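**Student:** I am sharing structure.csv, which consists of CSV, C-alpha atoms:
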chain,number,residue,atom,x,y,z
Y,1,MET,CA,-9.1,17.2,-10.1
Y,2,VAL,CA,-5.5,18.4,-9.8
Y,3,GLN,CA,-4.2,20.9,-12.4
Y,4,ASP,CA,-2.9,19.1,-15.5
Y,5,SER,CA,0.5,20.8,-15.0
Y,6,MET,CA,1.1,19.0,-11.7
Y,7,ILE,CA,3.5,16.0,-12.1
Y,8,VAL,CA,2.4,13.1,-10.0
Y,9,ALA,CA,4.0,9.7,-9.4
Y,10,GLY,CA,2.7,6.3,-8.4
Y,11,VAL,CA,4.7,3.8,-6.5
Y,12,ASP,CA,3.8,0.1,-6.6
Y,13,ILE,CA,5.3,-1.5,-3.5
Y,14,GLY,CA,6.7,-4.9,-3.2
Y,15,LYS,CA,8.8,-6.6,-0.6
Y,16,GLN,CA,11.9,-6.3,-2.8
Y,17,TRP,CA,11.2,-3.6,-5.4
Y,18,LEU,CA,9.4,-0.3,-5.9
Y,19,ASP,CA,8.0,0.3,-9.4
Y,20,ILE,CA,7.5,4.0,-10.1
Y,21,ALA,CA,5.6,5.8,-12.9
Y,22,CYS,CA,5.0,9.5,-13.5
Y,23,HIS,CA,1.8,11.0,-14.7
Y,24,PRO,CA,1.2,12.5,-17.3
Y,25,SER,CA,4.7,11.9,-18.8
Y,26,GLY,CA,4.7,8.1,-18.4
Y,27,LYS,CA,8.4,8.0,-17.3
Y,28,ALA,CA,9.1,5.0,-15.1
Y,29,MET,CA,11.8,3.4,-13.1
Y,30,ARG,CA,12.4,0.6,-10.6
Y,31,VAL,CA,14.5,0.6,-7.4
Y,32,ALA,CA,15.1,-1.7,-4.5
Y,33,ASN,CA,12.8,-1.3,-1.5
Y,34,GLY,CA,15.5,-0.4,1.0
Y,35,ALA,CA,17.3,2.7,2.2
Y,36,ALA,CA,19.5,3.1,-0.9
Y,37,GLY,CA,16.5,2.6,-3.2
Y,38,HIS,CA,14.5,5.2,-1.2
Y,39,ALA,CA,17.3,7.7,-1.6
Y,40,ALA,CA,17.5,7.0,-5.4
Y,41,LEU,CA,13.8,7.3,-5.6
Y,42,VAL,CA,13.7,10.7,-3.8
Y,43,ALA,CA,16.4,12.1,-6.1
Y,44,TRP,CA,14.7,10.8,-9.3
Y,45,LEU,CA,11.3,12.2,-8.2
Y,46,GLN,CA,12.9,15.6,-7.5
Y,47,GLU,CA,14.5,15.6,-11.0
Y,48,GLN,CA,11.1,14.9,-12.5
Y,49,GLY,CA,9.5,17.7,-10.6
Y,50,VAL,CA,7.0,15.5,-8.9
Y,51,ARG,CA,5.1,17.0,-6.0
Y,52,ARG,CA,2.5,14.3,-5.2
Y,53,ILE,CA,2.9,10.6,-4.9
Y,54,GLY,CA,0.2,7.9,-4.7
Y,55,MET,CA,0.8,4.4,-3.2
Y,56,GLU,CA,-1.2,1.6,-1.7
Y,57,ALA,CA,-1.1,0.4,1.8
Y,58,SER,CA,0.9,-2.8,1.3
Y,59,GLY,CA,1.1,-4.9,4.5
Y,60,GLY,CA,3.7,-2.7,6.0
Y,61,TYR,CA,6.2,-2.7,3.1
Y,62,GLU,CA,5.1,0.9,2.4
Y,63,ARG,CA,6.2,2.3,5.7
Y,64,GLY,CA,9.9,2.9,5.0
Y,65,VAL,CA,9.4,4.5,1.6
Y,66,ALA,CA,6.5,6.6,2.9
Y,67,HIS,CA,8.7,7.9,5.7
Y,68,ALA,CA,11.5,8.8,3.2
Y,69,LEU,CA,9.1,10.5,0.8
Y,70,ARG,CA,7.4,12.5,3.5
Y,71,ALA,CA,10.7,13.5,5.0
Y,72,ALA,CA,11.7,14.8,1.5
Y,73,GLY,CA,8.6,17.0,1.5
Y,74,PHE,CA,6.4,15.2,-1.0
Y,75,GLU,CA,2.6,15.1,-0.7
Y,76,LEU,CA,1.7,11.4,-0.1
Y,77,VAL,CA,-1.7,9.8,-0.9
Y,78,LEU,CA,-2.0,6.4,0.7
Y,79,PHE,CA,-4.8,4.4,-1.0
Y,80,GLN,CA,-6.6,1.3,0.2
Y,81,PRO,CA,-6.3,-1.4,-2.5
Y,82,ARG,CA,-10.0,-1.4,-3.0
Y,83,GLN,CA,-9.9,2.3,-4.0
Y,84,VAL,CA,-7.3,1.6,-6.7
Y,85,ARG,CA,-9.1,-1.5,-8.0
Y,86,ALA,CA,-12.4,0.5,-8.3
Y,87,PHE,CA,-10.6,3.3,-10.1
Y,88,ALA,CA,-9.0,0.7,-12.5
Y,89,MET,CA,-12.4,-0.8,-13.2
Y,90,PHE,CA,-14.0,2.6,-13.8
Y,91,ARG,CA,-11.1,3.4,-16.3
Y,92,LEU,CA,-11.4,-0.2,-17.8
Y,93,LYS,CA,-7.8,-0.8,-17.0
Y,94,LEU,CA,-8.0,-4.4,-16.0
Y,95,ALA,CA,-4.5,-5.6,-17.0
Y,96,LYS,CA,-2.2,-5.9,-13.9
Y,97,ASN,CA,1.5,-5.9,-13.4
Y,98,ASP,CA,3.8,-3.8,-11.2
Y,99,ARG,CA,4.6,-1.2,-13.9
Y,100,LEU,CA,0.9,-0.8,-14.9
Y,101,ASP,CA,-0.1,-0.6,-11.2
Y,102,ALA,CA,2.4,2.3,-10.7
Y,103,ALA,CA,0.9,4.2,-13.6
Y,104,LEU,CA,-2.6,3.6,-12.3
Y,105,LEU,CA,-1.6,4.8,-8.8
Y,106,ALA,CA,-0.1,8.0,-10.3
Y,107,HIS,CA,-3.4,8.6,-12.2
Y,108,CYS,CA,-5.4,8.0,-9.1
Y,109,ALA,CA,-3.2,10.5,-7.1
Y,110,ALA,CA,-3.7,13.0,-9.9
Y,111,GLU,CA,-7.5,12.8,-9.4
Y,112,VAL,CA,-7.4,13.4,-5.6
Y,113,GLU,CA,-8.6,16.9,-4.8
Y,114,ALA,CA,-7.3,17.2,-1.2
Y,115,VAL,CA,-4.5,15.3,0.4
Y,116,ARG,CA,-5.0,14.3,4.1
Y,117,ALA,CA,-2.2,15.3,6.5
Y,118,ALA,CA,0.2,12.6,7.5
Y,119,PRO,CA,-0.6,10.7,10.7
Y,120,ASP,CA,1.1,11.9,13.9
Y,121,PRO,CA,4.3,9.8,14.1
Y,122,ARG,CA,3.9,9.6,17.9
Y,123,LEU,CA,0.8,7.4,17.3
Y,124,GLU,CA,2.6,4.9,15.1
Y,125,PRO,CA,3.6,2.5,18.0
Y,126,LEU,CA,0.0,2.5,19.2
Y,127,ALA,CA,-1.3,1.9,15.7
Y,128,GLU,CA,1.0,-1.0,15.2
Y,129,HIS,CA,0.0,-2.4,18.6
Y,130,MET,CA,-3.7,-2.1,17.7
Y,131,ARG,CA,-3.1,-3.8,14.3
Y,132,LEU,CA,-1.5,-6.8,16.0
Y,133,ILE,CA,-4.4,-7.1,18.4
Y,134,GLU,CA,-6.9,-7.0,15.5
Y,135,GLN,CA,-4.9,-9.6,13.6
Y,136,MET,CA,-4.7,-11.9,16.7
Y,137,GLU,CA,-8.5,-11.6,17.3
Y,138,ALA,CA,-9.1,-12.5,13.6
Y,139,ASP,CA,-6.7,-15.5,14.0
Y,140,HIS,CA,-8.5,-16.6,17.2
Y,141,ALA,CA,-11.9,-16.4,15.5
Y,142,ARG,CA,-10.6,-18.5,12.5
Y,143,MET,CA,-9.2,-21.1,14.8
Y,144,LYS,CA,-12.5,-21.4,16.7
Y,145,THR,CA,-14.3,-21.9,13.4
Y,146,ARG,CA,-11.7,-24.5,12.3
Y,147,VAL,CA,-12.0,-26.5,15.6
Y,148,GLU,CA,-15.8,-26.6,15.2
Y,149,ALA,CA,-15.5,-27.7,11.5
Y,150,TYR,CA,-13.4,-30.9,12.2
Y,151,ARG,CA,-15.1,-34.0,13.7
Y,152,THR,CA,-12.1,-36.3,14.2
Y,153,PRO,CA,-11.1,-36.1,17.9
Y,154,ARG,CA,-7.4,-36.4,17.1
Y,155,LEU,CA,-7.6,-33.4,14.8
Y,156,GLN,CA,-9.7,-31.4,17.2
Y,157,ARG,CA,-7.2,-32.0,20.0
Y,158,ALA,CA,-4.3,-30.9,17.7
Y,159,LEU,CA,-6.1,-27.7,16.8
Y,160,VAL,CA,-6.9,-26.9,20.4
Y,161,ARG,CA,-3.3,-27.5,21.4
Reformat the file's structure so that it appears as structure tokens.

**Tutor:**
Amino acid sequence: MVQDSMIVAGVDIGKQWLDIACHPSGKAMRVANGAAGHAALVAWLQEQGVRRIGMEASGGYERGVAHALRAAGFELVLFQPRQVRAFAMFRLKLAKNDRLDAALLAHCAAEVEAVRAAPDPRLEPLAEHMRLIEQMEADHARMKTRVEAYRTPRLQRALVR
């Protein structure tokens, strides 16, 4: 567990907005998920004395803000959604909204003992390429299952096309 004196933030990421909460103070704010919002977020976090930030992998919406936070020198903990849900269940925090999720992410990040190094940015294009291949393979498997599930020849032909 991190020292109680460390100020940690959690960022709940949405397509349009970022909801932010600090732990243990409970201070919170919301900014747009874009370059101007990222700059405002960095400035606010620096004012609060935050050193570590927790956030969830969020379908790619986290990439821009993660880059801005790392560039500003913050420690970043990127959680898988399952980890955060398990932590919430353990803490009996079952209510869910953006503000509560940000506070939960901050609490999760405060409990992390060691932060992994950021991935090598040179590998990002390869990772994105691999993610696309994996998604296309999953789409293909679902389509094969769908074709096998329908008996009407007209529907089968439409699905094959």

**Student:** Rounded to one decimal place, report the CA of Ala39 in chain Y-CA of Ala118 in chain Y distance in Å.

**Tutor:**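 Distance reported for this atom pair: 20.0 Å.
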
**Student:** Could you check which of Y:Leu69, Y:Met89, Y:Arg151, Y:Gly60 is closest to Leu132 in chain Y, using only C-alpha atoms?

**Tutor:** Y:Gly60

**Student:** From the list Y:Gly59, Y:Glu75, Y:Phe87, Y:Ala109, which residue is nearest Glu128 in chain Y when using all atoms listed in the file?

**Tutor:** Y:Gly59

**Student:** Which of these residues is nearest to Asp12 in chain Y, using only C-alpha atoms: Y:Ala66, Y:Leu159, Y:Ala40, Y:Ile133?

**Tutor:** Y:Ala66

**Student:** Select, from Y:Val147, Y:Leu155, Y:Leu76, Y:Val65, the residue with the minimum atom-to-atom distance to Arg116 in chain Y, counting all atoms listed in the file.

**Tutor:**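 Selected residue with least distance to Arg116 in chain Y: Y:Leu76.
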
**Student:** So the first atom is CA of Ile53 in chain Y and the second is CA of Leu18 in chain Y; what is the distance between them in Å, to one decimal place?

**Tutor:**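 Atom-to-atom, CA of Ile53 in chain Y to CA of Leu18 in chain Y, that is 12.7 Å.
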
**Student:** With only C-alpha atoms counted, which protein, DNA or RNA residues have an atom no more than 12 Å from (1.9, 1.7, -7.7) in the file frame? Please answer as an MDAnalysis selection string.

**Tutor:** chainID Y and resid 8:14 17:23 28:30 53:58 62 77:81 84:85 88 96:109

**Student:** Range 130-138 of chain Y, all listed atoms, 8 Å padding on each side: what axis-aligned box centre and edge lengths in Å to one decimal come out, as lines of an AutoDock Vina configuration file?

**Tutor:**
center_x = -5.3
center_y = -7.3
center_z = 16.0
size_x = 23.6
size_y = 26.4
size_z = 20.8

**Student:** Using Å and a single decimal, report how far CA of Ala72 in chain Y sits from CA of Glu113 in chain Y.

**Tutor:** 21.4 Å
